[in-house]
Structures are given as C-alpha cells and as structure tokens.
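> Structure file work-v2.txt (compact mmCIF, C-alpha atoms and all ligand atoms) right here:
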```txt
# COMPACT_ATOMS: atom_id res chain seq x y z
CA MET O 24 0.00 0.00 0.00
CA ASP O 25 2.79 2.40 0.97
CA THR O 26 4.05 2.45 -2.62
CA TYR O 27 1.06 4.57 -3.55
CA PHE O 28 2.24 7.41 -1.39
CA ASP O 29 5.43 9.23 -2.18
CA ALA O 30 6.89 11.78 0.16
CA ASN O 31 5.34 14.61 -1.85
CA ILE O 32 1.97 13.81 -0.36
CA LEU O 33 3.35 15.10 2.94
CA THR O 34 4.32 18.45 1.51
CA GLY O 35 2.08 21.15 2.88
CA THR O 36 0.90 19.03 5.78
CA GLY O 37 3.82 20.04 7.96
CA LEU O 38 4.56 16.36 8.47
CA LEU O 39 7.89 16.60 6.69
CA ALA O 40 9.35 18.80 9.42
CA PRO O 41 12.21 16.99 11.21
CA ASP O 42 10.56 17.26 14.61
CA VAL O 43 7.40 15.42 13.54
CA ASN O 44 7.39 11.96 15.04
CA HIS O 45 6.73 8.77 13.12
CA LYS O 46 3.46 8.17 14.89
CA LYS O 47 1.99 11.30 13.36
CA ILE O 48 3.16 10.37 9.88
CA ARG O 49 1.78 6.87 10.28
CA ALA O 50 -1.56 8.20 11.52
CA PHE O 51 -1.74 10.56 8.55
CA LEU O 52 -1.01 7.80 6.04
CA GLN O 53 -3.47 5.43 7.74
CA GLU O 54 -6.13 8.11 7.39
CA GLN O 55 -5.34 8.49 3.69
CA ILE O 56 -5.65 4.79 2.89
CA LYS O 57 -8.67 4.15 5.13
CA PRO O 58 -11.29 4.61 2.37
CA VAL O 59 -9.40 2.16 0.10
CA ARG O 60 -9.14 -0.36 2.92
CA GLU O 61 -12.86 0.02 3.60
CA LEU O 62 -13.80 -0.50 -0.03
CA MET O 63 -11.61 -3.61 -0.27
CA ALA O 64 -13.20 -4.94 2.91
CA TYR O 65 -16.66 -4.50 1.32
CA TYR O 66 -15.49 -6.47 -1.74
CA GLN O 67 -14.14 -9.14 0.58
CA CYS O 68 -17.55 -9.40 2.29
CA ALA O 69 -19.37 -9.61 -1.06
CA MET O 70 -16.98 -12.34 -2.18
CA MET O 71 -17.64 -14.29 1.02
CA GLU O 72 -21.42 -13.94 0.49
CA VAL O 73 -21.15 -15.38 -3.02
CA GLU O 74 -18.83 -18.16 -1.88
CA THR O 75 -21.31 -19.12 0.83
CA LYS O 76 -24.17 -19.16 -1.67
CA PHE O 77 -22.29 -21.66 -3.83
CA LYS O 78 -21.34 -23.76 -0.80
CA VAL O 79 -25.02 -23.95 0.17
CA LEU O 80 -26.01 -24.92 -3.38
CA SER O 81 -23.29 -27.53 -3.46
CA GLN O 82 -24.49 -29.04 -0.20
CA GLU O 83 -28.09 -29.14 -1.37
CA LEU O 84 -27.37 -30.48 -4.86
CA SER O 85 -25.04 -33.17 -3.57
CA LEU O 86 -27.85 -34.47 -1.32
CA GLU O 87 -30.22 -34.51 -4.29
CA TYR O 88 -27.89 -36.13 -6.82
CA ASP O 89 -25.58 -38.14 -4.57
CA ARG O 90 -22.67 -36.40 -6.28
CA ASN O 91 -21.06 -33.06 -5.54
CA PRO O 92 -21.28 -30.78 -8.61
CA ILE O 93 -18.63 -28.43 -7.21
CA GLU O 94 -15.03 -29.57 -7.01
CA THR O 95 -13.49 -26.39 -5.59
CA ILE O 96 -14.33 -22.75 -4.96
CA LYS O 97 -11.54 -20.21 -5.16
CA THR O 98 -11.80 -16.56 -4.23
CA ARG O 99 -9.48 -13.71 -4.98
CA LEU O 100 -9.41 -9.99 -4.36
CA LYS O 101 -7.71 -8.08 -7.15
CA SER O 102 -4.41 -6.59 -6.01
CA MET O 103 -4.01 -2.80 -5.90
CA ASP O 104 -1.34 -3.13 -8.59
CA SER O 105 -3.75 -4.94 -10.95
CA ILE O 106 -6.53 -2.48 -10.13
CA THR O 107 -4.25 0.44 -10.93
CA ASP O 108 -2.96 -1.14 -14.16
CA LYS O 109 -6.46 -2.02 -15.40
CA LEU O 110 -7.84 1.47 -14.70
CA LEU O 111 -4.88 3.29 -16.21
CA ASP O 112 -4.82 0.97 -19.28
CA ARG O 113 -8.46 1.88 -19.87
CA GLY O 114 -7.78 5.59 -19.52
CA PHE O 115 -9.30 6.09 -16.06
CA SER O 116 -7.61 7.62 -13.06
CA LEU O 117 -7.26 5.75 -9.79
CA THR O 118 -10.23 6.87 -7.72
CA LEU O 119 -12.64 4.99 -5.49
CA GLU O 120 -15.52 5.88 -7.85
CA ASN O 121 -13.66 4.49 -10.85
CA ILE O 122 -12.78 1.29 -9.00
CA GLU O 123 -16.46 0.72 -8.25
CA GLN O 124 -17.90 1.91 -11.54
CA GLN O 125 -15.34 0.81 -14.12
CA LEU O 126 -14.13 -2.53 -12.77
CA ASN O 127 -16.25 -5.65 -12.61
CA ASP O 128 -13.72 -8.07 -11.22
CA VAL O 129 -12.23 -6.57 -8.06
CA ALA O 130 -13.91 -9.44 -6.20
CA GLY O 131 -13.68 -12.75 -8.03
CA VAL O 132 -15.15 -16.14 -7.23
CA ARG O 133 -14.14 -19.15 -9.33
CA VAL O 134 -16.35 -22.20 -9.12
CA ILE O 135 -14.79 -25.36 -10.51
CA CYS O 136 -17.35 -27.98 -11.48
CA GLY O 137 -17.16 -31.60 -12.53
CA LEU O 138 -19.16 -31.48 -15.75
CA PRO O 139 -20.29 -28.75 -18.20
CA SER O 140 -23.98 -29.28 -17.32
CA ASP O 141 -23.14 -28.63 -13.63
CA ILE O 142 -22.01 -25.14 -14.62
CA TYR O 143 -25.35 -24.13 -16.11
CA GLU O 144 -27.37 -25.79 -13.38
CA LEU O 145 -25.40 -23.98 -10.65
CA ALA O 146 -25.47 -20.66 -12.51
CA ASP O 147 -29.26 -20.86 -12.95
CA ALA O 148 -29.81 -21.76 -9.30
CA PHE O 149 -27.53 -18.93 -8.19
CA LEU O 150 -29.19 -16.35 -10.45
CA ARG O 151 -32.68 -17.38 -9.26
CA GLN O 152 -31.85 -16.05 -5.79
CA ASP O 153 -33.71 -12.81 -5.30
CA ASP O 154 -30.81 -10.86 -3.82
CA VAL O 155 -28.55 -11.60 -6.79
CA ARG O 156 -28.78 -9.12 -9.66
CA LEU O 157 -27.22 -10.16 -12.95
CA ILE O 158 -25.37 -7.30 -14.62
CA MET O 159 -23.62 -9.18 -17.41
CA LYS O 160 -23.22 -12.76 -18.62
CA LYS O 161 -20.37 -13.83 -20.89
CA ASP O 162 -20.69 -17.39 -22.08
CA TYR O 163 -17.22 -18.35 -23.27
CA ILE O 164 -18.34 -22.00 -23.27
CA ALA O 165 -21.02 -21.54 -25.92
CA THR O 166 -18.70 -19.11 -27.72
CA PRO O 167 -15.09 -19.81 -26.72
CA LYS O 168 -12.53 -17.05 -27.10
CA GLU O 169 -10.32 -17.14 -30.19
CA ASN O 170 -7.45 -18.61 -28.14
CA GLY O 171 -9.64 -21.46 -26.86
CA TYR O 172 -10.51 -20.00 -23.43
CA ARG O 173 -13.74 -21.42 -22.01
CA SER O 174 -15.68 -20.38 -18.88
CA LEU O 175 -19.04 -18.94 -17.97
CA HIS O 176 -18.61 -15.44 -16.54
CA LEU O 177 -21.33 -13.76 -14.49
CA ILE O 178 -21.00 -10.22 -13.26
CA VAL O 179 -23.47 -9.87 -10.42
CA GLU O 180 -24.36 -7.33 -7.83
CA ILE O 181 -25.22 -8.52 -4.33
CA PRO O 182 -26.05 -6.67 -1.13
CA ILE O 183 -23.80 -6.64 1.89
CA PHE O 184 -25.30 -5.51 5.16
CA LEU O 185 -23.14 -3.09 7.14
CA HIS O 186 -24.05 -1.90 10.62
CA ASP O 187 -25.93 1.12 9.30
CA GLU O 188 -26.48 0.56 5.59
CA LYS O 189 -26.97 -1.91 2.79
CA LYS O 190 -24.40 -1.66 0.04
CA MET O 191 -24.57 -3.26 -3.39
CA MET O 192 -21.25 -4.74 -4.52
CA LYS O 193 -20.13 -6.24 -7.81
CA VAL O 194 -18.60 -9.69 -7.96
CA GLU O 195 -17.31 -11.60 -10.96
CA VAL O 196 -18.14 -15.30 -10.89
CA GLN O 197 -16.26 -17.61 -13.23
CA LEU O 198 -17.69 -21.11 -13.60
CA ARG O 199 -15.56 -23.75 -15.30
CA THR O 200 -15.01 -27.48 -15.42
CA ILE O 201 -11.80 -29.00 -14.06
CA SER O 202 -10.43 -29.32 -17.58
CA MET O 203 -11.33 -25.72 -18.53
CA ASP O 204 -9.60 -24.59 -15.34
CA TRP O 205 -6.55 -26.73 -16.05
CA TRP O 206 -6.22 -25.21 -19.52
CA ALA O 207 -6.87 -21.60 -18.36
CA SER O 208 -4.44 -21.84 -15.45
CA LEU O 209 -1.65 -23.13 -17.66
CA GLU O 210 -2.42 -20.69 -20.46
CA HIS O 211 -2.41 -17.87 -17.90
CA LYS O 212 1.09 -18.90 -16.84
CA ILE O 213 2.38 -19.58 -20.33
CA ARG O 214 0.95 -16.78 -22.39
CA TYR O 215 -1.98 -14.67 -21.14
CA LYS O 216 -1.10 -11.02 -20.49
CA LYS O 217 2.45 -11.49 -21.74
CA ASP O 218 3.15 -8.88 -24.35
CA ILE O 219 4.61 -11.32 -26.82
CA VAL O 220 3.42 -12.38 -30.22
CA VAL O 221 3.54 -16.14 -30.63
CA GLU O 222 3.67 -17.94 -33.96
CA GLU O 223 0.34 -19.03 -35.37
CA SER O 224 1.37 -22.67 -34.92
CA VAL O 225 1.78 -22.13 -31.15
CA ALA O 226 -1.58 -20.36 -30.89
CA ASN O 227 -3.18 -23.19 -32.88
CA GLU O 228 -1.62 -25.78 -30.60
CA LEU O 229 -2.99 -24.01 -27.50
CA ARG O 230 -6.44 -23.83 -29.11
CA THR O 231 -6.27 -27.52 -30.04
CA CYS O 232 -5.44 -28.40 -26.41
CA ALA O 233 -8.54 -26.44 -25.31
CA GLU O 234 -10.68 -28.25 -27.87
CA THR O 235 -9.32 -31.64 -26.78
CA ALA O 236 -10.14 -30.79 -23.16
CA ALA O 237 -13.67 -29.72 -24.18
CA ALA O 238 -14.17 -32.97 -26.11
CA LEU O 239 -13.09 -34.96 -23.03
CA ASP O 240 -15.57 -33.00 -20.93
CA MET O 241 -18.37 -34.00 -23.32
CA ARG O 242 -17.32 -37.67 -23.22
CA MET O 243 -17.27 -37.68 -19.42
CA GLU O 244 -20.67 -35.98 -19.37
CA GLN O 245 -22.12 -38.70 -21.64
CA LEU O 246 -20.61 -41.43 -19.47
CA GLN O 247 -22.06 -39.86 -16.34
CA LYS O 248 -25.52 -39.62 -17.96
CA TYR O 249 -25.37 -43.23 -19.14
CA ILE O 250 -24.30 -44.57 -15.74
CA SER O 251 -26.84 -42.56 -13.78
CA ALA O 252 -29.67 -43.63 -16.15
CA LYS O 253 -28.56 -47.26 -15.66
CA ALA O 254 -28.48 -46.83 -11.88
CA MET O 255 -32.01 -45.35 -11.96
CA ALA O 256 -33.31 -48.27 -14.02
CA GLU O 257 -31.92 -50.91 -11.64
P1 LIG O 301 -6.61 -12.02 -13.92
O1 LIG O 301 -5.13 -11.93 -13.80
O2 LIG O 301 -7.08 -13.44 -13.99
O3 LIG O 301 -7.35 -11.22 -12.90
P2 LIG O 301 -14.54 -6.81 -17.84
O4 LIG O 301 -14.02 -7.50 -16.56
O5 LIG O 301 -15.86 -7.37 -18.27
O6 LIG O 301 -14.53 -5.32 -17.71
P3 LIG O 301 -12.42 -8.16 -19.15
O7 LIG O 301 -11.51 -8.11 -17.97
O8 LIG O 301 -11.77 -8.01 -20.50
O9 LIG O 301 -13.54 -7.07 -19.02
O10 LIG O 301 -13.33 -9.46 -19.10
P4 LIG O 301 -13.09 -10.94 -19.55
O11 LIG O 301 -12.54 -11.08 -20.92
O12 LIG O 301 -14.39 -11.59 -19.30
O13 LIG O 301 -11.93 -11.46 -18.56
C1 LIG O 301 -12.09 -11.48 -17.20
C2 LIG O 301 -11.20 -12.54 -16.58
O14 LIG O 301 -11.40 -13.82 -17.24
C3 LIG O 301 -9.71 -12.29 -16.71
O15 LIG O 301 -9.31 -11.43 -15.71
C4 LIG O 301 -9.15 -13.72 -16.55
O16 LIG O 301 -9.20 -14.14 -15.19
C5 LIG O 301 -10.18 -14.54 -17.32
N1 LIG O 301 -9.79 -14.63 -18.73
C6 LIG O 301 -10.37 -13.99 -19.77
N2 LIG O 301 -9.78 -14.32 -20.92
C7 LIG O 301 -8.81 -15.21 -20.62
C8 LIG O 301 -7.86 -15.95 -21.42
O17 LIG O 301 -7.79 -15.83 -22.63
N3 LIG O 301 -7.03 -16.80 -20.75
C9 LIG O 301 -7.07 -16.95 -19.40
N4 LIG O 301 -6.21 -17.81 -18.85
N5 LIG O 301 -7.94 -16.26 -18.62
C10 LIG O 301 -8.81 -15.42 -19.22
P5 LIG O 301 -8.04 -10.50 -15.88
O18 LIG O 301 -8.21 -9.31 -15.02
O19 LIG O 301 -7.78 -10.25 -17.33
O20 LIG O 301 -6.86 -11.37 -15.37
```
Show me this structure written as structure tokens.


Amino acid sequence: MDTYFDANILTGTGLLAPDVNHKKIRAFLQEQIKPVRELMAYYQCAMMEVETKFKVLSQELSLEYDRNPIETIKTRLKSMDSITDKLLDRGFSLTLENIEQQLNDVAGVRVICGLPSDIYELADAFLRQDDVRLIMKKDYIATPKENGYRSLHLIVEIPIFLHDEKKMMKVEVQLRTISMDWWASLEHKIRYKKDIVVEESVANELRTCAETAAALDMRMEQLQKYISAKAMAE
C-alpha cells in the first residue's frame, strides 16, 4: 500500500518537518488509505457472500444427486497493482468511484465444477436467488474465445449488510469445469497477459489443447448420464 504514497503527499501538511514523530506520519497515512481499505473490505464481504451461496447450493445439490457438482471454490481480491494497471490501461484515473464503476472483477469467485452441465445448473440456481442481480453474462463456453478459453462469466451485484447501511457490490463469478480450469491456469502462466506475439502454430496448438479438453468433458458428461440412467433403471 505504501508504494502509492510518495513523500510529496506530505508536503504542505507540515509532516515533513524533522521534529514530527513517526506516529503522526503513520496516523496521517493510515487516514489516507482508510477509504481504500474500507472498499476492499466491502469487496471481501461480497466475495464471502457469493462463496457461501455456492457452498449452500453444493451441499443441497449433492444431497439430491448423490454427487457433488462443485469440485473447488476459489476466491481472490484483485491486487491494488492490478486495479491500478487495469484502470490506467483503460484511460481512467485511480479513484474509489472508478474502481467501483469501471471494474467488474475486483472481487472474483471461481467455481470449478465436474461437468459442463453442472455449470449451467449452478449458474441458474444462483441467479434465481432474489438478492442476486445479474449485470452481465459472458458465455465463453457456448462461444469460446479465439485462443480457446472457455468459462461462464457472471458479473453480479449482491447486497452486503453493514451496521448502518446496505451496500450493493459487484462480484465476478467464473464457472468452469476442471479441464477448462486446467487449460486456463496453464495458459495464464504460459501466455496470457504477456506482451509477446507467438507464432500461429503455437496459438493453434494451445487452441487444439482447449478443444481436446472440451471434447473430453463431453465424453465424461455422456458417461455420467449413461451410468446414472442405468443406476435409476436398476
Ligand atoms: P486475472 O489476472 O485473472 O485477474 P470486464 O471485466 O468485463 O470489464 P475483461 O476483464 O476483458 O472485461 O473481461 P473478460 O474477458 O471476461 O476477462 C475477465 C477474466 O477472465 C480475466 O481477468 C481472466 O481471469 C479470465 N480470462 C479472460 N480471458 C482469458 C484468457 O484468454 N485466458 C485466461 N487464462 N484467462 C482469461 P483478468 O483481469 O484479465 O486477469
């Protein structure tokens, strides 16, 4: 956090005078970053709310189907460095208003499912909840990105209840299968966001890996359907 404050911020406050003790400087800086800390805490709460909602759904659906549709839930709060980069790249200055209005993914929840159908079932159940407001849906499973990336993205707004107010916060939910997550995690490490141009053959190879993973997902889904139909019949 300290990196966002250079000594110039102290000019004019009198805090640069040699006789000012460290406690005063620290108190001043704490005061400056308090609103940012507060906002990040609100995002953290919203992220926890969404995580809990998926945990509840997982519990309920696993009782119904005798199989847990969720493998893992991961949460992440965007770092201040990433927030700053994203805002500046898009031509916005770093203000609290811009963080809230221009960024959809400060709070992120990633739900890793077993099968592709689990993704849509969970997303529908989540979006049916009356305190969840869908702002944007990006279905990169129905329409994968050019590089092969697949996931269902939901930008939602949910309320968090503070001691004296209700605040609506945005959360990005990414739903993927294990194989989509495996591909995206590796691609993220290998290539995503690296300012390098790779040969077309390399890009094609990455896309082919994504397609192979998607084909395996479909085969596993068919196997699961066949076996559960057989179990029902017996
Ligand atoms: P990071 O490092 O994962 O946080 P929007 O959020 O709607 O204003 P944006 O960010 O272009 O606009 O949305 P998009 O394309 O839906 O991407 C959001 C997030 O999805 C990314 O966040 C990644 O986490 C993931 N993602 C999207 N495309 C790719 C991809 O091609 N490969 C991989 N591995 N992940 C992808 P960030 O902030 O870009 O990155």

> Please list as a list in words every residue within 10 Å of Val155 in chain O, counting only C-alpha atoms and excluding residues in the same chain fewer than 4 positions away.

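Those residues are Val73, Phe149, Leu150, Arg151, Val179, Glu180, Ile181, Pro182 and Met191 of chain O.
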
> Rank O:Leu185, O:Ala252, O:Leu84, O:Ala238 by their smallest atom-to-atom distance to Glu61 in chain O, using all atoms listed in the file, and report the top residue only.

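Of O:Leu185, O:Ala252, O:Leu84, O:Ala238, the one nearest Glu61 in chain O, counting all atoms listed in the file, is O:Leu185.
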
> Between CA of Glu195 in chain O and CA of Met71 in chain O, what is the distance in Å, rounded to a tenth?

12.3 Å

> Mind listing the residues within 6 Å of ligand LIG 301 (chain O), all atoms listed in the file counted, as a list in words?

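Those residues are Leu126, Asn127, Asp128, Tyr172, Ala207, Ser208, Glu210, His211 and Tyr215 of chain O.
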
> In Å, how far is it from CA of Val129 in chain O to CA of Arg49 in chain O?

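Those two atoms sit 26.7 Å apart.
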
> Counting all atoms listed in the file, what is within 9 Å of range 225-229 of chain O, bar same-chain residues fewer than 4 positions away, as a short mmCIF file (atom, residue, chain, number, x, y, z; two decimals) with C-alpha atoms, in the coordinates of the input?


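Output file out_0.cif is given in full below:
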```cif
data_model
loop_
_atom_site.label_atom_id
_atom_site.label_comp_id
_atom_site.auth_asym_id
_atom_site.auth_seq_id
_atom_site.Cartn_x
_atom_site.Cartn_y
_atom_site.Cartn_z
CA ASN O 170 -7.45 -18.61 -28.14
CA GLY O 171 -9.64 -21.46 -26.86
CA TRP O 206 -6.22 -25.21 -19.52
CA GLU O 210 -2.42 -20.69 -20.46
CA VAL O 221 3.54 -16.14 -30.63
CA ALA O 233 -8.54 -26.44 -25.31
CA GLU O 234 -10.68 -28.25 -27.87
#
```

> So which residues touch Ser140 in chain O within 12 Å, counting all atoms listed in the file, skipping near sequence neighbours fewer than 5 positions away, as number ranges by chain?

O: 92-93, 145-147, 164-165, 175, 198-200, 240-241, 243-245, 247-248

> Could you check the closest approach to Tyr65 in chain O for each of O:Asp154, O:Thr118, O:Phe184, O:Lys101 and tell me which residue wins, using all atoms listed in the file?

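Smallest distance to Tyr65 in chain O is found for O:Phe184.
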
> With distances taken over only C-alpha atoms, which residue among O:Ile250, O:Met192, O:Ile96, O:Cys232 lies nearest Gln124 in chain O?

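Looking at the shortest contact to Gln124 in chain O, the residue is O:Met192.
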
> So, counting all atoms listed in the file, which residue among O:Ile142, O:Ala148, O:Ala50, O:Met203 is closest to Leu80 in chain O?

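Counting all atoms listed in the file, the residue closest to Leu80 in chain O is O:Ala148.
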
> Report, in Å to a single decimal, how far apart CA of Gly131 in chain O and CA of Leu100 in chain O are.

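These atoms are spaced 6.3 Å apart.
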
> At a cut-off of 7 Å from (-13.7, -29.4, -9.2) in the coordinates of the file, what residues are picked up using all atoms listed in the file, written as JSON, numbers by chain?

{"O": [93, 94, 95, 135, 136, 137, 200, 201]}

> Which residue is closest to Glu123 in chain O? Choose from O:Lys193, O:Leu86, O:Pro167, O:Asp104 and count only C-alpha atoms.

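The shortest atom-to-atom distance to Glu123 in chain O comes from O:Lys193.
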
> Extract, using all atoms listed in the file, all DNA, RNA and protein residues at most 9 Å from Met63 in chain O, discarding same-chain residues fewer than 3 positions from it, and format them as a list of chain:residue names.

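Counting only the stated atoms, we get O:Pro58, O:Val59, O:Arg60, O:Tyr66, O:Gln67, O:Cys68, O:Leu100, O:Val129, O:Ala130.
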